[in-house]
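**Q** Provided below: work.cif, containing mmCIF, C-alpha atoms.
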data_run
#
loop_
_atom_site.label_atom_id
_atom_site.label_comp_id
_atom_site.auth_asym_id
_atom_site.auth_seq_id
_atom_site.Cartn_x
_atom_site.Cartn_y
_atom_site.Cartn_z
CA MET A 1 -16.14 33.80 -17.30
CA LYS A 2 -14.69 30.50 -18.45
CA PRO A 3 -14.51 27.65 -15.95
CA VAL A 4 -10.73 27.78 -16.06
CA HIS A 5 -10.88 31.30 -14.63
CA TRP A 6 -13.04 30.14 -11.75
CA TYR A 7 -10.57 27.37 -11.06
CA MET A 8 -7.70 29.85 -11.03
CA LEU A 9 -9.62 31.98 -8.53
CA GLY A 10 -10.23 28.90 -6.40
CA PHE A 11 -6.59 27.91 -6.38
CA ALA A 12 -5.61 31.49 -5.59
CA PHE A 13 -7.99 31.40 -2.62
CA ILE A 14 -6.41 28.17 -1.35
CA ALA A 15 -2.94 29.69 -1.77
CA VAL A 16 -4.03 32.79 0.18
CA ILE A 17 -5.21 30.61 3.08
CA CYS A 18 -1.84 28.86 3.25
CA ILE A 19 0.31 31.93 2.71
CA SER A 20 -1.61 34.04 5.20
CA ALA A 21 -0.66 31.49 7.85
CA PHE A 22 3.01 32.37 7.31
CA ILE A 23 2.24 36.08 7.50
CA ILE A 24 0.15 35.85 10.66
CA SER A 25 2.67 33.72 12.53
CA PRO A 26 5.98 33.87 10.68
CA GLY A 27 8.10 32.17 13.32
CA ALA A 28 5.74 29.27 13.73
CA GLU A 29 7.11 25.81 14.00
CA PHE A 30 6.30 23.42 11.22
CA GLY A 31 5.84 20.55 13.61
CA GLY A 32 2.18 19.92 13.09
CA ALA A 33 -0.84 19.55 15.29
CA ASP A 34 -0.14 15.83 15.69
CA GLY A 35 3.07 16.62 17.57
CA GLN A 36 1.30 19.17 19.74
CA GLY A 37 -1.24 16.56 20.69
CA GLU A 38 1.59 14.33 21.79
CA GLU A 39 3.04 17.09 24.00
CA GLN A 40 -0.38 17.67 25.52
CA ILE A 41 -0.60 13.99 26.48
CA SER A 42 2.66 14.19 28.37
CA GLN A 43 1.36 17.27 30.21
CA ILE A 44 -1.89 15.61 31.24
CA ASP A 45 -0.24 12.33 32.16
CA PRO A 46 3.52 12.82 32.70
CA ASP A 47 3.97 9.17 33.67
CA TYR A 48 2.62 7.80 30.41
CA GLN A 49 5.12 5.73 28.49
CA PRO A 50 4.32 4.86 24.88
CA TRP A 51 4.12 1.09 24.96
CA PHE A 52 4.94 0.46 21.36
CA GLU A 53 7.55 2.02 19.12
CA SER A 54 7.36 2.44 15.38
CA LEU A 55 8.93 -0.55 13.70
CA TRP A 56 10.94 1.69 11.47
CA SER A 57 11.36 5.42 11.46
CA PRO A 58 12.81 7.00 8.34
CA PRO A 59 15.56 9.61 8.66
CA GLY A 60 14.37 13.19 8.04
CA GLU A 61 15.34 13.43 4.40
CA THR A 62 13.87 10.04 3.54
CA GLU A 63 10.69 11.02 5.35
CA SER A 64 10.28 14.06 3.11
CA LEU A 65 10.92 11.87 0.10
CA LEU A 66 8.26 9.38 1.14
CA PHE A 67 5.73 12.11 1.89
CA ALA A 68 6.44 13.55 -1.54
CA THR A 69 6.06 10.09 -3.07
CA GLN A 70 2.68 9.71 -1.44
CA ALA A 71 1.57 13.06 -2.83
CA ALA A 72 2.98 12.16 -6.24
CA ILE A 73 1.10 8.85 -6.43
CA GLY A 74 -2.17 10.60 -5.70
CA ALA A 75 -1.49 13.57 -7.94
CA SER A 76 -0.43 11.45 -10.90
CA ILE A 77 -3.67 9.45 -10.81
CA ILE A 78 -5.72 12.65 -10.71
CA GLY A 79 -3.55 14.19 -13.43
CA TRP A 80 -3.88 11.09 -15.58
CA PHE A 81 -7.68 11.22 -15.25
CA ILE A 82 -7.88 14.90 -16.19
CA GLY A 83 -5.45 14.44 -19.08
CA ASN A 84 -7.36 11.41 -20.31
CA GLU A 85 -10.67 13.27 -20.29
CA HIS A 86 -9.06 16.21 -22.03
CA GLY A 87 -7.63 13.93 -24.70
CA LYS A 88 -10.96 12.18 -25.29
CA ARG A 89 -12.66 15.54 -25.71
CA SER A 90 -10.15 16.79 -28.26
CA VAL A 91 -10.42 13.54 -30.23
CA LYS A 92 -14.21 13.92 -30.25
CA LYS A 93 -13.84 17.55 -31.29
CA SER A 94 -11.60 16.74 -34.24
CA GLU A 95 -13.87 13.85 -35.29
CA ASP A 96 -16.86 16.16 -35.23
CA ALA A 97 -14.95 18.77 -37.18
CA SER A 98 -13.88 16.28 -39.82
CA ARG A 99 -17.50 15.17 -40.21
CA GLY A 100 -18.32 18.81 -40.86
CA LYS A 101 -20.70 19.12 -37.93
CA VAL A 102 -21.80 22.61 -37.02
CA GLU A 103 -20.45 23.65 -33.64
CA GLY A 104 -23.23 24.37 -31.14
CA VAL A 105 -23.24 26.98 -28.44
CA PRO A 106 -19.69 28.05 -27.58
CA GLY A 107 -18.42 25.93 -24.76
CA SER A 108 -21.01 23.23 -25.33
CA GLN A 109 -18.21 20.92 -26.42
CA GLU A 110 -16.95 20.85 -22.84
CA VAL A 111 -20.11 19.24 -21.57
CA SER A 112 -21.02 17.29 -24.65
CA PRO A 113 -22.27 13.81 -23.91
CA ARG A 114 -20.04 11.09 -25.19
CA ALA A 115 -22.21 8.18 -26.08
CA GLY A 116 -19.25 5.88 -26.22
CA GLY A 117 -17.77 7.18 -22.97
CA GLY A 118 -16.67 5.13 -20.01
CA GLU A 119 -14.23 2.94 -21.88
CA ASP A 120 -11.72 3.19 -19.01
CA MET B 1 -5.30 13.58 13.36
CA HIS B 2 -2.72 10.84 13.47
CA ILE B 3 -2.39 9.55 16.99
CA MET B 4 1.24 8.53 17.31
CA GLU B 5 2.42 4.95 17.72
CA GLY B 6 2.04 3.69 21.27
CA PHE B 7 0.16 6.77 22.43
CA LEU B 8 -3.14 5.06 23.06
CA PRO B 9 -3.50 2.78 26.08
CA LEU B 10 -3.95 -0.85 25.06
CA GLU B 11 -7.65 -1.05 25.95
CA TRP B 12 -8.48 1.97 23.78
CA ALA B 13 -6.36 0.69 20.91
CA VAL B 14 -8.29 -2.58 21.00
CA PHE B 15 -11.62 -0.76 21.35
CA TRP B 16 -11.12 1.38 18.23
CA PHE B 17 -10.00 -1.62 16.22
CA ALA B 18 -13.12 -3.50 17.30
CA VAL B 19 -15.32 -0.58 16.20
CA SER B 20 -13.55 -0.06 12.88
CA ILE B 21 -13.02 -3.60 11.62
CA PRO B 22 -16.69 -4.38 10.77
CA VAL B 23 -17.01 -1.18 8.72
CA ILE B 24 -13.77 -1.88 6.86
CA ALA B 25 -14.81 -5.46 6.16
CA TRP B 26 -18.14 -4.22 4.82
CA GLY B 27 -16.35 -1.63 2.71
CA PHE B 28 -13.97 -4.24 1.36
CA LEU B 29 -16.85 -6.47 0.27
CA LYS B 30 -18.61 -3.46 -1.24
CA ILE B 31 -15.54 -2.55 -3.31
CA ARG B 32 -15.18 -6.14 -4.49
CA ARG B 33 -18.83 -6.17 -5.53
CA LEU B 34 -18.52 -2.80 -7.27
CA PHE B 35 -15.45 -3.99 -9.17
CA SER B 36 -17.20 -7.08 -10.49
CA GLU B 37 -20.64 -5.58 -11.13
CA HIS B 38 -19.65 -2.07 -12.21
CA PRO B 39 -16.11 -2.20 -13.57
CA GLU B 40 -16.70 1.26 -15.04
CA LEU B 41 -16.60 2.63 -11.50
CA LYS B 42 -12.98 1.56 -10.99
CA MET B 43 -11.80 4.93 -12.25
CA SER B 44 -14.08 6.79 -9.90
CA ILE B 45 -12.85 4.76 -6.93
CA ALA B 46 -9.23 5.27 -7.99
CA ILE B 47 -9.76 9.02 -8.19
CA SER B 48 -11.40 9.11 -4.75
CA GLY B 49 -8.47 7.18 -3.32
CA ALA B 50 -5.97 9.38 -5.15
CA PHE B 51 -7.41 12.46 -3.45
CA ILE B 52 -7.04 10.85 -0.04
CA PHE B 53 -3.47 9.83 -0.91
CA ALA B 54 -2.44 13.23 -2.21
CA LEU B 55 -4.18 15.46 0.30
CA SER B 56 -3.37 13.53 3.46
CA SER B 57 0.32 13.75 2.62
CA LEU B 58 0.31 17.54 2.47
CA LYS B 59 1.33 19.16 5.70
CA LEU B 60 -0.02 22.67 5.34
CA PRO B 61 0.55 25.60 7.66
CA SER B 62 -2.44 26.96 9.48
CA VAL B 63 -3.12 30.31 11.10
CA THR B 64 -2.70 28.93 14.61
CA GLY B 65 1.03 28.63 14.03
CA SER B 66 0.98 24.90 13.62
CA SER B 67 0.59 22.78 10.56
CA SER B 68 -1.76 19.98 9.80
CA HIS B 69 -3.01 18.08 6.82
CA PRO B 70 -6.29 17.79 4.98
CA THR B 71 -7.95 14.37 4.86
CA GLY B 72 -9.27 14.34 1.29
CA THR B 73 -12.15 12.00 2.11
CA GLY B 74 -14.94 14.26 0.79
CA ALA B 75 -15.05 12.98 -2.79
CA SER B 76 -15.06 9.36 -1.74
CA THR B 77 -17.86 9.99 0.78
CA ILE B 78 -20.12 11.53 -1.86
CA LEU B 79 -19.28 9.12 -4.66
CA HIS B 80 -19.06 5.83 -2.75
CA GLY B 81 -20.18 6.27 0.85
CA VAL B 82 -18.57 5.71 4.23
CA ALA B 83 -17.60 2.02 4.03
CA VAL B 84 -15.58 2.39 0.82
CA THR B 85 -13.95 5.53 2.23
CA SER B 86 -12.82 3.59 5.29
CA VAL B 87 -11.00 1.05 3.10
CA LEU B 88 -9.31 3.77 1.03
CA SER B 89 -8.30 5.54 4.25
CA ILE B 90 -6.78 2.49 5.88
CA ILE B 91 -4.55 1.96 2.82
CA VAL B 92 -3.20 5.48 3.22
CA LEU B 93 -2.84 5.14 6.99
CA LEU B 94 -0.96 1.84 6.64
CA PHE B 95 1.41 3.45 4.15
CA GLN B 96 2.07 6.28 6.58
CA ALA B 97 2.35 4.08 9.67
CA ILE B 98 4.78 1.61 8.13
CA LEU B 99 6.90 3.79 5.87
CA LEU B 100 6.69 7.19 7.51
CA ALA B 101 6.34 6.47 11.22
CA HIS B 102 3.39 8.85 10.98
CA GLY B 103 0.52 7.51 13.01
CA GLY B 104 1.06 3.91 14.01
CA LEU B 105 0.02 0.30 13.86
CA THR B 106 -1.32 0.20 17.41
CA THR B 107 -3.27 3.41 16.80
CA LEU B 108 -4.40 2.37 13.32
CA GLY B 109 -7.85 1.40 14.55
CA ALA B 110 -8.39 4.78 16.19
CA ASN B 111 -6.96 6.71 13.25
CA VAL B 112 -9.02 4.90 10.65
CA PHE B 113 -12.09 5.42 12.82
CA SER B 114 -11.61 9.21 12.91
CA MET B 115 -10.42 9.73 9.34
CA GLY B 116 -12.15 6.92 7.44
CA ILE B 117 -15.37 6.36 9.36
CA ALA B 118 -16.51 9.10 11.76
CA GLY B 119 -15.48 12.11 9.66
CA PRO B 120 -16.98 10.70 6.46
CA PHE B 121 -20.09 9.58 8.36
CA VAL B 122 -20.80 13.08 9.72
CA ALA B 123 -20.18 14.45 6.23
CA TRP B 124 -22.40 11.80 4.69
CA LEU B 125 -25.28 12.72 7.02
CA ALA B 126 -24.94 16.35 5.99
CA TYR B 127 -24.69 15.33 2.34
CA LYS B 128 -27.88 13.25 2.53
CA GLY B 129 -29.66 16.09 4.31
CA MET B 130 -28.62 18.57 1.63
CA GLN B 131 -29.70 16.14 -1.11
CA LYS B 132 -33.15 15.91 0.49
CA ALA B 133 -33.32 19.69 0.70
CA LYS B 134 -32.38 19.89 -3.00
CA VAL B 135 -29.28 21.98 -2.35
CA SER B 136 -27.30 22.42 -5.57
CA MET B 137 -24.00 20.76 -6.26
CA LEU B 138 -21.33 23.29 -5.29
CA PRO B 139 -22.55 24.12 -1.76
CA THR B 140 -23.23 20.43 -1.12
CA VAL B 141 -19.71 19.41 -2.10
CA PHE B 142 -18.13 22.31 -0.23
CA VAL B 143 -19.93 21.56 3.04
CA THR B 144 -19.46 17.78 2.75
CA ALA B 145 -15.70 18.02 2.14
CA LEU B 146 -15.31 20.62 4.88
CA LEU B 147 -17.20 18.51 7.40
CA ALA B 148 -15.37 15.29 6.51
CA ASP B 149 -12.13 17.06 7.37
CA LEU B 150 -13.28 18.96 10.44
CA ALA B 151 -15.26 16.12 12.02
CA THR B 152 -12.21 13.86 11.70
CA TYR B 153 -10.22 16.18 13.93
CA ILE B 154 -13.05 16.68 16.41
CA VAL B 155 -13.27 12.91 16.77
CA THR B 156 -9.49 12.66 17.27
CA ALA B 157 -9.78 15.23 20.06
CA LEU B 158 -12.54 13.12 21.58
CA GLN B 159 -10.50 9.90 21.29
CA LEU B 160 -7.54 11.49 23.06
CA ALA B 161 -9.77 13.04 25.70
CA LEU B 162 -11.35 9.65 26.45
CA ALA B 163 -7.94 8.07 26.84
CA TYR B 164 -6.42 11.00 28.76
CA PRO B 165 -8.96 12.73 30.99
CA THR B 166 -7.56 15.72 32.88
CA ALA B 167 -7.98 14.95 36.58
CA GLY B 168 -10.85 12.67 35.73
CA SER B 169 -12.60 15.12 33.43
CA VAL B 170 -13.00 14.09 29.82
CA ILE B 171 -14.53 17.45 28.95
CA THR B 172 -11.53 19.50 30.10
CA SER B 173 -9.22 17.28 28.06
CA PHE B 174 -11.55 17.45 25.08
CA THR B 175 -11.48 21.25 25.12
CA THR B 176 -7.67 21.19 25.22
CA PHE B 177 -7.26 18.74 22.36
CA PHE B 178 -10.08 20.38 20.44
CA GLU B 179 -8.23 23.70 20.58
CA ILE B 180 -5.09 22.06 19.21
CA PHE B 181 -6.71 20.07 16.43
CA ALA B 182 -9.99 21.59 15.38
CA VAL B 183 -8.90 25.22 15.45
CA THR B 184 -5.80 24.50 13.38
CA GLN B 185 -8.00 22.59 11.02
CA VAL B 186 -10.68 25.19 10.23
CA PRO B 187 -8.78 27.10 7.52
CA LEU B 188 -7.53 23.87 5.97
CA ALA B 189 -11.03 22.40 5.95
CA VAL B 190 -12.27 25.49 4.09
CA ALA B 191 -9.46 25.14 1.56
CA GLU B 192 -10.33 21.48 1.10
CA GLY B 193 -13.99 22.36 0.58
CA VAL B 194 -13.04 24.81 -2.18
CA LEU B 195 -10.76 22.28 -3.87
CA PHE B 196 -13.43 19.57 -3.98
CA ALA B 197 -16.09 22.04 -5.14
CA MET B 198 -13.82 22.84 -8.10
CA PHE B 199 -13.14 19.20 -8.85
CA PHE B 200 -16.83 18.28 -8.82
CA ASP B 201 -17.58 21.27 -11.03
CA TYR B 202 -15.00 19.85 -13.43
CA LEU B 203 -16.58 16.38 -13.18
CA ALA B 204 -20.03 17.80 -13.88
CA ARG B 205 -18.66 19.28 -17.10
CA THR B 206 -16.63 16.30 -18.28
CA ARG B 207 -18.08 13.16 -16.70
CA PRO B 208 -21.61 13.93 -15.48
CA ASP B 209 -22.26 10.19 -15.67
CA LEU B 210 -20.10 9.71 -12.56
CA LEU B 211 -22.30 12.09 -10.58
CA LYS B 212 -25.62 10.77 -11.80
CA GLY B 213 -28.12 10.42 -8.98
CA LYS B 214 -25.54 11.64 -6.45
CA LEU B 215 -25.79 15.40 -6.71
CA HIS B 216 -28.18 18.05 -7.96
CA ILE B 217 -26.30 19.31 -10.93
CA LYS B 218 -27.08 22.85 -12.06
CA GLU B 219 -29.67 23.37 -14.82
CA ARG B 220 -27.20 24.15 -17.55
CA VAL B 221 -25.36 20.92 -17.00
CA ARG B 222 -28.28 18.76 -15.97
CA GLY B 223 -29.85 18.52 -19.44
CA VAL B 224 -26.60 17.15 -20.71
CA ALA B 225 -26.32 14.67 -17.86
CA ASP B 226 -29.78 13.35 -18.66
CA LYS B 227 -28.94 13.04 -22.32
CA THR B 228 -25.79 11.11 -21.50
CA VAL B 229 -27.83 8.68 -19.49
CA GLU B 230 -30.29 8.16 -22.29
CA ALA B 231 -27.49 7.65 -24.75
CA ARG B 232 -26.04 4.95 -22.56
CA THR B 233 -29.14 2.99 -21.73
#
Re-express the file's structure as structure tokens.
**A**
Amino acid sequence: MKPVHWYMLGFAFIAVICISAFIISPGAEFGGADGQGEEQISQIDPDYQPWFESLWSPPGETESLLFATQAAIGASIIGWFIGNEHGKRSVKKSEDASRGKVEGVPGSQEVSPRAGGGED
Amino acid sequence: MHIMEGFLPLEWAVFWFAVSIPVIAWGFLKIRRLFSEHPELKMSIAISGAFIFALSSLKLPSVTGSSSHPTGTGASTILHGVAVTSVLSIIVLLFQAILLAHGGLTTLGANVFSMGIAGPFVAWLAYKGMQKAKVSMLPTVFVTALLADLATYIVTALQLALAYPTAGSVITSFTTFFEIFAVTQVPLAVAEGVLFAMFFDYLARTRPDLLKGKLHIKERVRGVADKTVEART
């Protein structure tokens, strides 16, 4: 089994965990455990008044946008890294091929040491 | 795990800041040192931070009928330790507190303690233990990432229980908050463990140099990792 197949299985497993949540409790609110914690505080101590308000609270749509932006910043760095590694490997591969090197064990290219690596 | 703005009494807000600031300062100095002495590690730190950024923004549904988000601190804990993780976490938490009204500035100390310090620290202890016991890479990464996530939420439950005891009992409150946070978090922590196990598997294949001396890489890959090291030195 190629690594990519294992990764697909892994992602499928993660998807199952998330999707099963919808199946088990379809009508569930999407409020989040943070909000529930807040409710619990007001049950334990009904007199508690938050003593500080958020300086700025984005409207709903903007909030989704900013959450998505946060995810996008992270994901693009990870994607850039994976793409960069992939590119370096294919360059190495084509260099080796042009030098007429004999390919080793199938798949060995994926883990081949790159003596000149780490130029990032 | 985000305690909302204004929802911690002043004395607790100050307390958690006081506990967190030394660790963050240490982490900040450590990052500065790493950047000047090992500039090749910049990428690895950026990737660790990127995981925290991406994962902590994802509100995922959980089987308890609520949703919550992963913390993403597992990779950073293994690759760079607790102090660096605390700095990366506070960047994310500041972003969320200021721009998203998620979490808060007054609760920043408490939130960075749970997500950036306590969770990673518990995970780091487990990671070190597994390294001593020569556990191989995948289970080590899975358990470390899972614990970093889960422990964060257990600590949040504890923080809220300390600030809001039910009729004087911290334990009763802890159980209540624990049920809200930790139980929702279990499936997500497992998912996070799987994700990081896959990413480290990928790293072991492409950049074993980043994992050198940090994990027991499987036989097939290890020979290559050693060769890489020789080639570089």
**Q** Counting all atoms listed in the file, what are the residues of region 49-104 of chain B within 8 Å of region 128-143 of chain B, and for each of them which pair of atoms is the nearest and at what distance in Å, to one decimal? Sort the table by chain and rising number, as a tab-separated table.
**A**
residue	atom	partner	partner_atom	distance
B:Gly74	CA	B:Val141	CA	7.6
B:Ala75	CA	B:Val141	CA	8.0
B:Ile78	CA	B:Val141	CA	7.9
**Q** Would you kindly translate the PyMOL selection byres ((chain B and resi 157-171) around 10) into the concrete residues it picks from this file, as a PyMOL selection string?
**A** (chain A and resi 37-38+40-45+48) or (chain B and resi 1+3+7-13+16+110-111+113-114+151-156+172-182)
**Q** Work out how far CA of Ile82 (chain A) is from CA of Phe11 (chain A), in Å to one decimal.
**A**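 A separation of 16.3 Å between them.
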**Q** Given only C-alpha atoms as the basis, pick out the residue of B:Leu34, B:Val190, B:Leu100, B:Ile47 nearest to Glu61 (chain A).
**A**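 The closest residue to Glu61 (chain A) is B:Leu100.
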**Q** Expressed in Å to a single decimal, how great is the separation between CA of Ile117 (chain B) and CA of Val82 (chain B)?
**A**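 Those two atoms sit 6.1 Å apart.
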**Q** If I wrap all listed atoms of region 55-74 of chain A in a box with edges along x, y and z and add 3 Å on each side, what are its centre and edge lengths in Å to one decimal, as lines of an AutoDock Vina configuration file?
**A**
center_x = 6.7
center_y = 6.8
center_z = 3.6
size_x = 23.7
size_y = 20.6
size_z = 26.1
**Q** Expand the PyMOL selection byres ((chain B and resi 79) around 9) into the individual residues it matches in the shown file, reporting them as a PyMOL selection string.
**A** chain B and resi 44-45+48+74-78+80-81+210-211+214
**Q** Calculated over all atoms listed in the file, which of the candidates B:Gly116, B:Gly103, B:Pro70, B:Gly109 has the smallest distance to chain A?
**A**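 Checking each of B:Gly116, B:Gly103, B:Pro70, B:Gly109 against chain A, counting all atoms listed in the file, the winner is B:Gly103.
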**Q** Mind giving me the straight-line distance from CA of Gly213 (chain B) to CA of Leu195 (chain B) in Å, one decimal?
**A**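 CA of Leu195 (chain B) lies 21.6 Å from CA of Gly213 (chain B).
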**Q** Given the choices B:Ala189, B:Gly104, B:Ile21, B:Phe200, which gets closest to Pro50 (chain A) if the distance is worked out from only C-alpha atoms?
**A**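 Smallest distance to Pro50 (chain A) is found for B:Gly104.
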**Q** Name the residues in contact with Ile24 (chain B) at a cut-off of 9 Å, using only C-alpha atoms, excluding same-chain residues fewer than 6 positions from it; report them as a list in words.
**A**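 Final neighbour list, sorted by chain and number: Ala83, Val84, Thr85, Ser86, Val87, Ile90, Gly116 and Ile117 of chain B.
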**Q** I would like the residues chosen by the PyMOL selection byres ((chain A and resi 69) around 12) on the shown file; could you give them as a list of chain:residue names?
**A**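 Applied to this file, the PyMOL selection byres ((chain A and resi 69) around 12) selects A:Thr62, A:Glu63, A:Ser64, A:Leu65, A:Leu66, A:Phe67, A:Ala68, A:Gln70, A:Ala71, A:Ala72, A:Ile73, A:Gly74, A:Ala75, A:Ser76, B:Phe53, B:Ala54, B:Ser56, B:Ser57, B:Leu58, B:Phe95, B:Gln96, B:Leu99, B:Leu100.
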**Q** Considering all atoms listed in the file, state which residue in the set A:Met1, A:Ala97, A:Val91, A:Ile78 is at the smallest distance from chain B.
**A**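 Answer, going by the shortest atom-to-atom distance: A:Ile78.
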**Q** Kindly output region 46-64 of chain A as an mmCIF file, keeping the file's coordinate frame, after building N, CA and C atoms.
**A**
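Contents of out-v1.cif, as written:
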data_model
loop_
_atom_site.group_PDB
_atom_site.id
_atom_site.type_symbol
_atom_site.label_atom_id
_atom_site.label_comp_id
_atom_site.auth_asym_id
_atom_site.auth_seq_id
_atom_site.Cartn_x
_atom_site.Cartn_y
_atom_site.Cartn_z
ATOM 1 N N PRO A 46 2.056 12.823 32.887
ATOM 2 C CA PRO A 46 3.520 12.820 32.700
ATOM 3 C C PRO A 46 4.116 11.425 32.825
ATOM 4 N N ASP A 47 3.404 10.504 33.464
ATOM 5 C CA ASP A 47 3.970 9.170 33.670
ATOM 6 C C ASP A 47 3.759 8.252 32.484
ATOM 7 N N TYR A 48 2.962 8.712 31.488
ATOM 8 C CA TYR A 48 2.620 7.800 30.410
ATOM 9 C C TYR A 48 3.834 7.469 29.545
ATOM 10 N N GLN A 49 4.044 6.187 29.367
ATOM 11 C CA GLN A 49 5.120 5.730 28.490
ATOM 12 C C GLN A 49 4.498 5.077 27.269
ATOM 13 N N PRO A 50 4.817 5.562 26.071
ATOM 14 C CA PRO A 50 4.320 4.860 24.880
ATOM 15 C C PRO A 50 4.764 3.399 24.961
ATOM 16 N N TRP A 51 3.810 2.503 24.730
ATOM 17 C CA TRP A 51 4.120 1.090 24.960
ATOM 18 C C TRP A 51 4.492 0.368 23.693
ATOM 19 N N PHE A 52 4.557 1.106 22.619
ATOM 20 C CA PHE A 52 4.940 0.460 21.360
ATOM 21 C C PHE A 52 5.668 1.504 20.526
ATOM 22 N N GLU A 53 6.782 1.088 19.953
ATOM 23 C CA GLU A 53 7.550 2.020 19.120
ATOM 24 C C GLU A 53 7.312 1.706 17.656
ATOM 25 N N SER A 54 7.470 2.707 16.808
ATOM 26 C CA SER A 54 7.360 2.440 15.380
ATOM 27 C C SER A 54 8.407 1.416 14.981
ATOM 28 N N LEU A 55 8.011 0.502 14.118
ATOM 29 C CA LEU A 55 8.930 -0.550 13.700
ATOM 30 C C LEU A 55 10.135 0.051 13.002
ATOM 31 N N TRP A 56 9.864 1.073 12.224
ATOM 32 C CA TRP A 56 10.940 1.690 11.470
ATOM 33 C C TRP A 56 10.615 3.162 11.315
ATOM 34 N N SER A 57 11.592 3.998 11.544
ATOM 35 C CA SER A 57 11.360 5.420 11.460
ATOM 36 C C SER A 57 12.344 6.005 10.453
ATOM 37 N N PRO A 58 11.872 6.550 9.362
ATOM 38 C CA PRO A 58 12.810 7.000 8.340
ATOM 39 C C PRO A 58 13.577 8.248 8.793
ATOM 40 N N PRO A 59 14.835 8.380 8.375
ATOM 41 C CA PRO A 59 15.560 9.610 8.660
ATOM 42 C C PRO A 59 14.863 10.792 7.970
ATOM 43 N N GLY A 60 15.096 11.999 8.500
ATOM 44 C CA GLY A 60 14.370 13.190 8.040
ATOM 45 C C GLY A 60 14.238 13.343 6.540
ATOM 46 N N GLU A 61 15.365 13.222 5.852
ATOM 47 C CA GLU A 61 15.340 13.430 4.400
ATOM 48 C C GLU A 61 14.480 12.381 3.713
ATOM 49 N N THR A 62 14.648 11.131 4.143
ATOM 50 C CA THR A 62 13.870 10.040 3.540
ATOM 51 C C THR A 62 12.393 10.261 3.802
ATOM 52 N N GLU A 63 12.085 10.777 5.011
ATOM 53 C CA GLU A 63 10.690 11.020 5.350
ATOM 54 C C GLU A 63 10.069 11.998 4.362
ATOM 55 N N SER A 64 10.799 13.085 4.075
ATOM 56 C CA SER A 64 10.280 14.060 3.110
ATOM 57 C C SER A 64 10.061 13.403 1.760
#
